[in-house]
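Peer 1: What follows is data04.cif; its format and atoms are mmCIF, C-alpha atoms.
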```cif
data_target
#
loop_
_atom_site.label_atom_id
_atom_site.label_comp_id
_atom_site.auth_asym_id
_atom_site.auth_seq_id
_atom_site.Cartn_x
_atom_site.Cartn_y
_atom_site.Cartn_z
CA MET A 1 0.00 0.00 0.00
CA THR A 2 1.20 3.48 -0.75
CA GLY A 3 0.66 6.90 0.68
CA ALA A 4 1.03 6.04 4.37
CA ARG A 5 3.29 8.21 6.48
CA CYS A 6 5.00 6.00 9.01
CA GLY A 7 8.11 6.67 11.01
CA ARG A 8 9.53 10.07 11.90
CA ARG A 9 8.25 12.28 9.15
CA SER A 10 6.84 15.79 8.82
CA LEU A 11 3.09 16.19 9.24
CA SER A 12 3.01 18.27 6.07
CA ASN A 13 1.37 16.21 3.30
CA ALA A 14 0.59 13.49 5.89
CA VAL A 15 -2.31 11.19 5.10
CA SER A 16 -5.28 10.61 7.37
CA VAL A 17 -7.21 7.72 8.86
CA VAL A 18 -10.82 7.86 10.01
CA ILE A 19 -12.05 5.13 12.36
CA VAL A 20 -15.78 4.59 12.78
CA GLY A 21 -16.42 2.92 16.11
CA GLY A 22 -15.20 3.80 19.58
CA GLY A 23 -14.92 0.29 21.01
CA HIS A 24 -11.93 -1.93 21.62
CA GLY A 25 -11.21 -2.40 17.93
CA GLY A 26 -11.40 1.29 17.11
CA PHE A 27 -9.16 2.22 20.01
CA GLN A 28 -6.62 -0.48 19.19
CA ALA A 29 -6.47 0.54 15.53
CA ALA A 30 -5.54 4.10 16.53
CA ALA A 31 -3.05 2.99 19.19
CA SER A 32 -1.44 0.45 16.84
CA LEU A 33 -1.08 3.04 14.08
CA ARG A 34 0.90 5.28 16.42
CA ALA A 35 2.94 2.31 17.67
CA GLU A 36 3.80 1.51 14.04
CA GLY A 37 5.08 5.06 13.60
CA TYR A 38 2.16 6.44 11.62
CA ASP A 39 2.26 10.24 11.86
CA GLY A 40 -0.84 11.26 9.92
CA SER A 41 -4.04 12.44 11.50
CA ILE A 42 -6.29 9.89 13.23
CA THR A 43 -9.92 10.50 14.12
CA ILE A 44 -12.18 8.09 15.99
CA TYR A 45 -15.95 8.56 15.76
CA GLY A 46 -17.77 6.93 18.67
CA GLU A 47 -21.54 6.76 19.00
CA GLU A 48 -21.46 6.71 22.79
CA PRO A 49 -20.58 9.69 25.00
CA HIS A 50 -17.70 7.83 26.67
CA LEU A 51 -14.07 7.45 25.75
CA PRO A 52 -13.34 4.01 24.25
CA TYR A 53 -13.84 1.29 26.84
CA GLN A 54 -13.66 -2.47 27.19
CA ARG A 55 -16.81 -4.57 27.40
CA PRO A 56 -15.84 -7.72 29.37
CA PRO A 57 -16.12 -6.02 32.80
CA LEU A 58 -19.71 -4.96 32.04
CA SER A 59 -21.20 -8.39 32.71
CA LYS A 60 -18.73 -9.31 35.43
CA GLY A 61 -17.01 -6.95 37.88
CA MET A 62 -19.17 -3.91 37.21
CA LEU A 63 -22.44 -5.71 37.93
CA LEU A 64 -20.96 -7.01 41.17
CA GLY A 65 -19.79 -3.55 42.21
CA LYS A 66 -16.14 -4.63 42.15
CA GLN A 67 -15.28 -2.31 39.27
CA GLU A 68 -16.38 1.19 38.33
CA GLU A 69 -16.73 2.92 34.98
CA ARG A 70 -13.19 4.26 35.21
CA HIS A 71 -11.85 0.71 35.30
CA ALA A 72 -13.43 -0.03 31.92
CA ILE A 73 -12.03 3.04 30.14
CA LEU A 74 -9.11 1.88 28.01
CA ARG A 75 -7.04 5.06 28.26
CA PRO A 76 -7.58 8.47 29.89
CA ALA A 77 -8.12 11.62 27.82
CA GLU A 78 -4.45 12.53 28.22
CA PHE A 79 -3.43 9.51 26.16
CA TYR A 80 -5.35 10.71 23.12
CA ALA A 81 -3.98 14.22 23.45
CA THR A 82 -0.41 12.95 23.72
CA GLN A 83 -0.85 10.56 20.80
CA ARG A 84 -2.61 13.17 18.67
CA ILE A 85 -5.72 11.04 18.30
CA GLU A 86 -8.98 12.97 17.98
CA VAL A 87 -11.97 11.25 19.58
CA VAL A 88 -15.38 12.53 18.48
CA ARG A 89 -17.88 11.26 21.05
CA GLY A 90 -21.64 10.92 20.83
CA ARG A 91 -21.63 11.07 17.04
CA ARG A 92 -23.62 8.52 15.08
CA ILE A 93 -22.42 8.22 11.50
CA ALA A 94 -25.33 7.34 9.20
CA SER A 95 -23.39 7.45 5.93
CA LEU A 96 -19.76 7.33 4.93
CA ALA A 97 -20.46 10.55 3.01
CA GLU A 98 -20.61 12.31 6.40
CA LEU A 99 -16.95 11.57 7.06
CA PRO A 100 -14.24 14.10 6.26
CA PRO A 101 -11.98 13.30 3.30
CA SER A 102 -9.45 10.67 4.29
CA ASP A 103 -7.00 8.25 2.76
CA TRP A 104 -8.15 5.29 4.82
CA VAL A 105 -11.34 4.32 6.65
CA ILE A 106 -11.54 1.60 9.29
CA LEU A 107 -15.01 0.34 10.12
CA ALA A 108 -15.02 -0.91 13.71
CA THR A 109 -18.76 -0.55 14.19
CA GLY A 110 -19.23 -3.67 16.30
CA ALA A 111 -22.59 -5.30 16.84
CA ARG A 112 -25.83 -4.66 18.69
CA ASN A 113 -28.03 -6.85 20.84
CA ARG A 114 -30.65 -8.95 19.17
CA ALA A 115 -33.92 -7.71 20.65
CA LEU A 116 -37.08 -9.52 21.70
CA PRO A 117 -40.50 -8.29 20.54
CA ARG A 118 -41.65 -7.34 24.03
CA ASP A 119 -41.31 -4.47 26.46
CA GLY A 120 -39.74 -4.55 29.90
CA VAL A 121 -36.64 -6.48 28.82
CA PHE A 122 -33.13 -5.15 29.44
CA TYR A 123 -29.96 -5.83 27.48
CA LEU A 124 -26.30 -5.58 28.39
CA ARG A 125 -23.73 -4.32 25.93
CA THR A 126 -22.95 -0.71 26.83
CA LEU A 127 -21.88 1.19 29.93
CA GLY A 128 -25.29 2.80 30.10
CA GLU A 129 -27.10 -0.52 29.94
CA THR A 130 -24.84 -1.99 32.62
CA ALA A 131 -25.48 0.99 34.91
CA GLU A 132 -29.23 0.59 34.53
CA ILE A 133 -29.21 -3.16 35.14
CA LYS A 134 -26.96 -2.71 38.17
CA GLN A 135 -29.35 -0.13 39.62
CA ARG A 136 -32.37 -2.34 39.02
CA LEU A 137 -30.58 -5.35 40.48
CA ALA A 138 -30.31 -3.52 43.77
CA ASP A 139 -34.10 -3.46 44.13
CA ALA A 140 -34.97 -6.74 42.41
CA ARG A 141 -35.81 -9.88 44.32
CA ASP A 142 -36.14 -12.26 41.38
CA VAL A 143 -34.30 -12.07 38.07
CA ALA A 144 -35.12 -13.83 34.80
CA ILE A 145 -32.40 -14.35 32.23
CA ILE A 146 -33.46 -15.15 28.66
CA GLY A 147 -30.62 -16.92 26.90
CA GLY A 148 -28.09 -19.44 28.17
CA GLY A 149 -25.03 -18.15 26.34
CA PHE A 150 -22.01 -16.34 27.72
CA ILE A 151 -23.71 -13.04 28.53
CA GLY A 152 -26.81 -14.63 30.00
CA LEU A 153 -24.84 -16.95 32.24
CA GLU A 154 -22.41 -14.24 33.35
CA VAL A 155 -25.32 -11.99 34.34
CA ALA A 156 -26.99 -14.94 36.07
CA ALA A 157 -23.81 -15.64 38.04
CA ALA A 158 -23.51 -12.00 39.10
CA ALA A 159 -27.16 -11.74 40.10
CA ARG A 160 -26.98 -14.94 42.11
CA ALA A 161 -23.79 -13.77 43.82
CA LEU A 162 -25.78 -10.71 44.89
CA GLY A 163 -28.35 -12.97 46.55
CA LYS A 164 -31.11 -12.75 43.93
CA ASP A 165 -33.48 -15.53 42.93
CA VAL A 166 -32.32 -16.30 39.39
CA THR A 167 -33.87 -18.35 36.60
CA VAL A 168 -32.24 -18.88 33.20
CA TYR A 169 -34.51 -19.68 30.25
CA GLU A 170 -32.67 -21.28 27.31
CA ALA A 171 -34.45 -22.09 24.05
CA GLY A 172 -32.03 -24.88 23.16
CA PRO A 173 -31.44 -28.27 24.75
CA ARG A 174 -28.24 -27.20 26.55
CA LEU A 175 -26.31 -24.17 27.77
CA MET A 176 -23.85 -22.44 25.40
CA GLY A 177 -24.94 -25.00 22.84
CA ARG A 178 -23.56 -23.14 19.81
CA VAL A 179 -19.99 -23.01 21.05
CA VAL A 180 -19.16 -25.84 23.48
CA ALA A 181 -19.41 -29.62 23.65
CA PRO A 182 -22.11 -31.34 25.74
CA VAL A 183 -19.63 -32.17 28.52
CA VAL A 184 -18.92 -28.45 28.99
CA SER A 185 -22.63 -27.57 28.82
CA ASP A 186 -23.43 -30.22 31.43
CA TYR A 187 -20.65 -28.99 33.70
CA PHE A 188 -21.87 -25.39 33.68
CA LEU A 189 -25.47 -26.49 34.15
CA ALA A 190 -24.46 -28.43 37.26
CA GLN A 191 -22.36 -25.52 38.57
CA HIS A 192 -25.15 -22.98 38.18
CA GLU A 193 -27.74 -25.26 39.73
CA ALA A 194 -25.40 -26.08 42.64
CA ARG A 195 -25.27 -22.37 43.41
CA GLY A 196 -29.02 -21.95 43.37
CA VAL A 197 -29.67 -20.83 39.77
CA ARG A 198 -32.75 -22.43 38.25
CA VAL A 199 -32.22 -23.41 34.62
CA VAL A 200 -35.07 -24.17 32.23
CA LEU A 201 -33.96 -25.70 28.93
CA ASN A 202 -35.96 -26.01 25.70
CA SER A 203 -37.94 -23.00 26.84
CA THR A 204 -39.57 -20.27 24.78
CA ALA A 205 -41.47 -18.92 27.76
CA ALA A 206 -42.05 -15.20 28.23
CA PRO A 207 -41.10 -15.02 31.92
CA GLU A 208 -42.17 -12.42 34.44
CA ALA A 209 -39.77 -11.15 37.11
CA ASP A 210 -38.67 -7.98 38.87
CA LEU A 211 -35.86 -7.79 36.33
CA ILE A 212 -35.67 -9.49 32.94
CA VAL A 213 -32.36 -9.50 31.05
CA ALA A 214 -31.98 -10.99 27.58
CA GLY A 215 -28.77 -12.25 26.04
CA ILE A 216 -29.86 -13.90 22.80
CA GLY A 217 -27.03 -12.93 20.51
CA VAL A 218 -26.05 -9.90 18.49
CA VAL A 219 -26.48 -8.44 15.01
CA PRO A 220 -23.48 -6.94 13.19
CA ASN A 221 -23.63 -3.21 12.57
CA ASP A 222 -23.12 -3.36 8.81
CA GLU A 223 -25.54 -0.61 7.76
CA LEU A 224 -22.78 1.84 6.79
CA ALA A 225 -21.25 -0.75 4.51
CA ARG A 226 -24.60 -1.59 2.93
CA GLU A 227 -25.39 2.08 2.37
CA ALA A 228 -22.00 2.54 0.71
CA GLY A 229 -22.52 -0.45 -1.57
CA LEU A 230 -19.80 -2.57 0.02
CA ALA A 231 -20.07 -6.35 -0.03
CA VAL A 232 -21.89 -7.73 3.01
CA GLY A 233 -22.47 -11.29 4.19
CA ASN A 234 -22.81 -12.23 7.85
CA GLY A 235 -21.27 -8.85 8.57
CA ILE A 236 -19.07 -6.62 6.41
CA ALA A 237 -17.24 -8.88 3.96
CA VAL A 238 -13.45 -8.49 3.99
CA ASP A 239 -10.58 -10.41 2.44
CA GLU A 240 -7.65 -12.02 4.21
CA PHE A 241 -6.07 -8.56 4.62
CA LEU A 242 -9.31 -7.25 6.19
CA ARG A 243 -10.03 -5.02 3.19
CA THR A 244 -13.61 -4.50 2.10
CA SER A 245 -14.66 -4.43 -1.56
CA ASP A 246 -13.28 -0.87 -1.51
CA PRO A 247 -9.52 -1.27 -0.91
CA ARG A 248 -9.38 2.05 0.97
CA ILE A 249 -11.81 0.75 3.56
CA PHE A 250 -11.07 -1.92 6.17
CA ALA A 251 -13.47 -3.59 8.61
CA ILE A 252 -12.49 -5.22 11.89
CA GLY A 253 -13.98 -6.83 14.98
CA ASP A 254 -17.53 -7.95 15.61
CA CYS A 255 -18.85 -6.37 12.40
CA ALA A 256 -16.44 -8.10 9.99
CA GLU A 257 -16.78 -11.45 8.23
CA TYR A 258 -13.41 -12.75 7.11
CA PRO A 259 -11.79 -15.98 5.82
CA ASN A 260 -10.56 -17.78 8.93
CA PRO A 261 -7.84 -20.37 8.25
CA TYR A 262 -8.69 -22.31 11.42
CA ALA A 263 -12.34 -22.67 10.50
CA GLY A 264 -11.69 -23.21 6.80
CA ALA A 265 -14.59 -20.86 6.15
CA ARG A 266 -15.69 -17.25 6.36
CA VAL A 267 -16.64 -16.37 9.93
CA ARG A 268 -17.52 -13.39 12.09
CA LEU A 269 -16.01 -13.60 15.57
CA GLU A 270 -17.22 -11.72 18.63
CA SER A 271 -14.22 -11.42 20.89
CA VAL A 272 -11.83 -8.82 22.25
CA GLN A 273 -8.83 -10.81 20.99
CA ASN A 274 -10.15 -10.80 17.43
CA ALA A 275 -10.86 -7.06 17.45
CA VAL A 276 -7.45 -6.22 18.92
CA ASP A 277 -5.45 -8.49 16.62
CA GLN A 278 -7.34 -7.37 13.52
CA ALA A 279 -6.77 -3.73 14.46
CA ALA A 280 -3.03 -4.32 14.70
CA CYS A 281 -3.08 -6.15 11.36
CA VAL A 282 -4.77 -3.21 9.64
CA ALA A 283 -2.34 -0.73 11.21
CA ARG A 284 0.57 -2.67 9.74
CA ALA A 285 -1.12 -2.74 6.34
CA ILE A 286 -1.65 1.02 6.34
CA CYS A 287 2.03 1.43 7.21
CA GLY A 288 3.05 -0.59 4.17
CA ARG A 289 3.46 -4.03 5.73
CA PRO A 290 0.31 -5.93 4.73
CA ALA A 291 -0.01 -9.55 5.79
CA ALA A 292 -2.92 -11.94 5.85
CA TYR A 293 -4.73 -12.06 9.18
CA ASP A 294 -4.20 -15.48 10.75
CA ALA A 295 -4.27 -15.00 14.53
CA VAL A 296 -5.47 -17.97 16.56
CA PRO A 297 -8.94 -17.18 17.97
CA TRP A 298 -9.43 -17.34 21.71
CA PHE A 299 -12.26 -16.42 24.06
CA TRP A 300 -13.08 -16.51 27.75
CA SER A 301 -15.98 -16.38 30.17
CA ASP A 302 -16.00 -15.94 33.96
CA GLN A 303 -18.98 -17.38 35.83
CA PHE A 304 -18.79 -17.50 39.64
CA ASP A 305 -15.24 -18.71 40.35
CA ILE A 306 -15.07 -20.67 37.09
CA HIS A 307 -12.72 -19.44 34.39
CA LEU A 308 -13.51 -20.86 30.96
CA GLN A 309 -10.87 -20.23 28.27
CA MET A 310 -11.36 -21.36 24.69
CA THR A 311 -9.06 -21.46 21.69
CA GLY A 312 -9.57 -22.46 18.07
CA ILE A 313 -12.81 -22.97 16.16
CA ALA A 314 -14.78 -26.03 17.23
CA THR A 315 -17.45 -25.84 14.52
CA GLY A 316 -18.17 -29.20 12.94
CA PHE A 317 -16.25 -31.29 15.47
CA ASP A 318 -16.91 -35.03 15.35
CA ARG A 319 -15.09 -36.12 18.51
CA THR A 320 -14.13 -34.71 21.88
CA VAL A 321 -11.87 -36.02 24.63
CA THR A 322 -11.53 -34.78 28.18
CA ARG A 323 -8.19 -34.21 29.85
CA GLY A 324 -8.39 -34.13 33.61
CA ASP A 325 -11.19 -34.86 36.06
CA VAL A 326 -14.42 -32.91 35.59
CA ALA A 327 -15.22 -33.39 39.27
CA SER A 328 -12.03 -31.54 40.22
CA ASN A 329 -13.29 -28.39 38.44
CA LYS A 330 -10.03 -28.33 36.51
CA PHE A 331 -10.09 -29.98 33.10
CA SER A 332 -9.85 -29.36 29.36
CA VAL A 333 -11.87 -30.60 26.41
CA PHE A 334 -10.12 -31.22 23.08
CA TYR A 335 -12.19 -30.98 19.89
CA TYR A 336 -11.36 -33.03 16.78
CA ARG A 337 -12.60 -33.12 13.23
CA GLY A 338 -11.39 -35.88 10.97
CA GLY A 339 -8.66 -36.69 13.49
CA GLU A 340 -7.31 -33.11 13.46
CA LEU A 341 -7.22 -31.02 16.62
CA ARG A 342 -9.47 -27.99 16.03
CA ALA A 343 -10.09 -26.38 19.41
CA VAL A 344 -9.58 -26.70 23.16
CA ASP A 345 -11.74 -25.50 26.05
CA SER A 346 -10.01 -25.21 29.42
CA ILE A 347 -11.80 -24.82 32.74
CA ASN A 348 -9.62 -23.38 35.50
CA ARG A 349 -6.48 -24.50 33.65
CA ALA A 350 -4.86 -21.29 32.50
CA ALA A 351 -1.45 -22.80 31.76
CA GLU A 352 -3.00 -25.53 29.64
CA HIS A 353 -4.99 -22.91 27.73
CA MET A 354 -1.77 -21.12 26.81
CA THR A 355 -0.29 -24.40 25.62
CA ALA A 356 -3.45 -25.12 23.64
CA ARG A 357 -3.15 -21.79 21.82
CA LYS A 358 0.35 -22.77 20.72
CA LEU A 359 -0.86 -26.23 19.68
CA ILE A 360 -3.58 -24.76 17.47
CA ALA A 361 -1.23 -22.16 15.98
CA ALA A 362 1.35 -24.82 15.14
CA ARG A 363 -1.35 -27.20 13.89
CA ALA A 364 0.40 -29.72 16.09
CA ARG A 365 -0.41 -33.39 15.82
CA VAL A 366 -1.92 -34.51 19.10
CA THR A 367 -3.95 -37.67 18.94
CA PRO A 368 -7.13 -37.98 21.01
CA GLU A 369 -5.40 -40.64 23.08
CA GLN A 370 -2.48 -38.33 23.83
CA ALA A 371 -4.79 -35.46 24.71
CA ALA A 372 -6.69 -37.61 27.19
CA ASP A 373 -3.49 -38.89 28.83
CA GLU A 374 -2.32 -36.37 31.44
CA SER A 375 1.10 -37.99 31.52
CA PHE A 376 1.65 -36.95 27.90
CA ASP A 377 3.59 -33.68 27.60
CA LEU A 378 1.54 -31.48 25.30
CA LYS A 379 4.46 -29.10 24.80
CA SER A 380 6.43 -31.86 23.14
CA ALA A 381 3.86 -31.88 20.32
CA ILE A 382 4.55 -28.18 19.71
CA LEU A 383 8.25 -28.83 19.38
CA ALA A 384 7.60 -31.77 17.07
CA GLY A 385 5.62 -29.46 14.76
#
```
What is this structure when it is put down as C-alpha cells?

Peer 2:
Amino acid sequence: MTGARCGRRSLSNAVSVVIVGGGHGGFQAAASLRAEGYDGSITIYGEEPHLPYQRPPLSKGMLLGKQEERHAILRPAEFYATQRIEVVRGRRIASLAELPPSDWVILATGARNRALPRDGVFYLRTLGETAEIKQRLADARDVAIIGGGFIGLEVAAAARALGKDVTVYEAGPRLMGRVVAPVVSDYFLAQHEARGVRVVLNSTAAPEADLIVAGIGVVPNDELAREAGLAVGNGIAVDEFLRTSDPRIFAIGDCAEYPNPYAGARVRLESVQNAVDQAACVARAICGRPAAYDAVPWFWSDQFDIHLQMTGIATGFDRTVTRGDVASNKFSVFYYRGGELRAVDSINRAAEHMTARKLIAARARVTPEQAADESFDLKSAILAG
C-alpha cells in the first residue's frame, strides 16, 4: 500500500485515517497506528458519550460492584492528546459521506443486541445498559435471564452472587450450545444449579420477574457498509487482509466477516482478541506491511469462580476427549474433526490454555489418546511441529 506516512516524518502532506467505532477495535487501531510510527491524523468517531472502553467487565465486575466505569475506560483523555488522536464522542455516523476526506477508513462498528419483541426487557452491551441493570438489580428480588449463552450466564452468576433468585430460560437443549461440547454444557449447568440458579432448557417462555435480562445474541452493525454499496455477508465482507470491496476501507472486529484459516470458512467472531489483533493487522497494512490475518482465535468467560478459556474454532467437530477430572473443576476438552485437533476449552487450567493456543497455531499433531493422557507432555507436540 502506498501513501502512508510511518516513522519520523513531517506532518506536512501526511495522510489521514478515520475510524468509525469507539470500542476496543477502534481504540486499538488508533493505538497500533501510532505504535507503528504512523504520523498522519487519526480521528475516531464513537456513537457513545464515553471514551473508548472495554466490554468484558460490564457483565462481570461492574455488575458485582467490584469495578467502576473508570476501570473499563481503556485510556484516559491525556493519552489521546499525547498521541494526537482525535476522539469525536456521541456522534452517530449514518453514511460514509458524512466523514471528512481521508485516505483510509476503518469500520469498527461492532454489533448490537438482538432484541425480543416485548417491552420490559433489558440488554447488556454498553456502559449505560450496565449501569441501569446494576441499579435495578439492587431493588430486584427475582431475576429472569433469557438466553443461556455467555452473557446470560455471566449476568446470572452476578445476580446470584448478589443474593437474587435467578432463573435462566434457554431455548435450546443445553447451555452455550452453539460453542461448546455437551460435557462443557453439562458442567456449567451443574455448577449454576449447585449455586441456586434455576435453569429451564428447551424454553420459549415469556417469563415475568422484577428484572428481565436478555442475552440472545447480536447483530453486526453493517448498515454503513450496505449504504455505501460494500459487499456484506454475515457482517461486512473483507478479504484475508481485512479489506472491504473498496480497498481504501477496512473492517475489523464484531462487524467483519473474514476468511478464517482455522475454521476453513468465512466467519464473524465476537471477541476482544479478534478485534485487537485485527486492528493491529490493519495498522501494519496502512504502514506498508500488509499480511494476511491469521491470529489464533481465543475467548473466555467468567462465571462465579469458574474461568472458561477457549481457543480455536470447534465448529463441525466429530469427537471430543476430556483431559483431567471434571469433578475436580479443573479440566480441558479437546475438539477433533477428521482426526485433526481444532479447538480446546479449558476450565480453571490457565497454563493448559496457553499451551493449547500454541498447539492450534502450530497445527500440532496430538492424537485424542495423547490429549486424554495427562502424563503426555503437550508441549512436546509443539516442538515436534

Peer 1: On this file, the PyMOL selection byres ((chain A and resi 101) around 12) gives some set of residues; write that set as a list in words.

Peer 2: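 When the PyMOL selection byres ((chain A and resi 101) around 12) is applied, the selected residues are Val15, Ser16, Val17, Val18, Ser41, Ile42, Thr43, Leu96, Ala97, Glu98, Leu99, Pro100, Ser102, Asp103, Trp104, Val105 and Arg248 of chain A.
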
Peer 1: Residues of region 286-363 of chain A within 12 Å of region 29-36 of chain A: nearest atom pair and distance (Å, one decimal) for each, counting all atoms listed in the file, sorted by chain and number, as CSV?

Peer 2:
```
residue,atom,partner,partner_atom,distance
A:Ile286,CA,A:Leu33,CA,8.0
A:Cys287,CA,A:Glu36,CA,7.1
A:Gly288,CA,A:Glu36,CA,10.1
A:Arg289,CA,A:Glu36,CA,10.0
```

Peer 1: For CA of Ala351 (chain A) and CA of Ile73 (chain A), quote the distance in Å rounded to one decimal.

Peer 2: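 Straight-line distance from CA of Ala351 (chain A) to CA of Ile73 (chain A) works out to 28.0 Å.
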
Peer 1: One number please: CA of Gln309 (chain A) to CA of Ser346 (chain A), in Å, one decimal.

Peer 2: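 Between CA of Gln309 (chain A) and CA of Ser346 (chain A) the gap works out to 5.2 Å.
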
Peer 1: Grab the CA of Ile236 (chain A) to CA of Val87 (chain A) distance for me, in Å with one decimal place.

Peer 2: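 Spanning CA of Ile236 (chain A) to CA of Val87 (chain A) is a straight-line distance of 23.3 Å.
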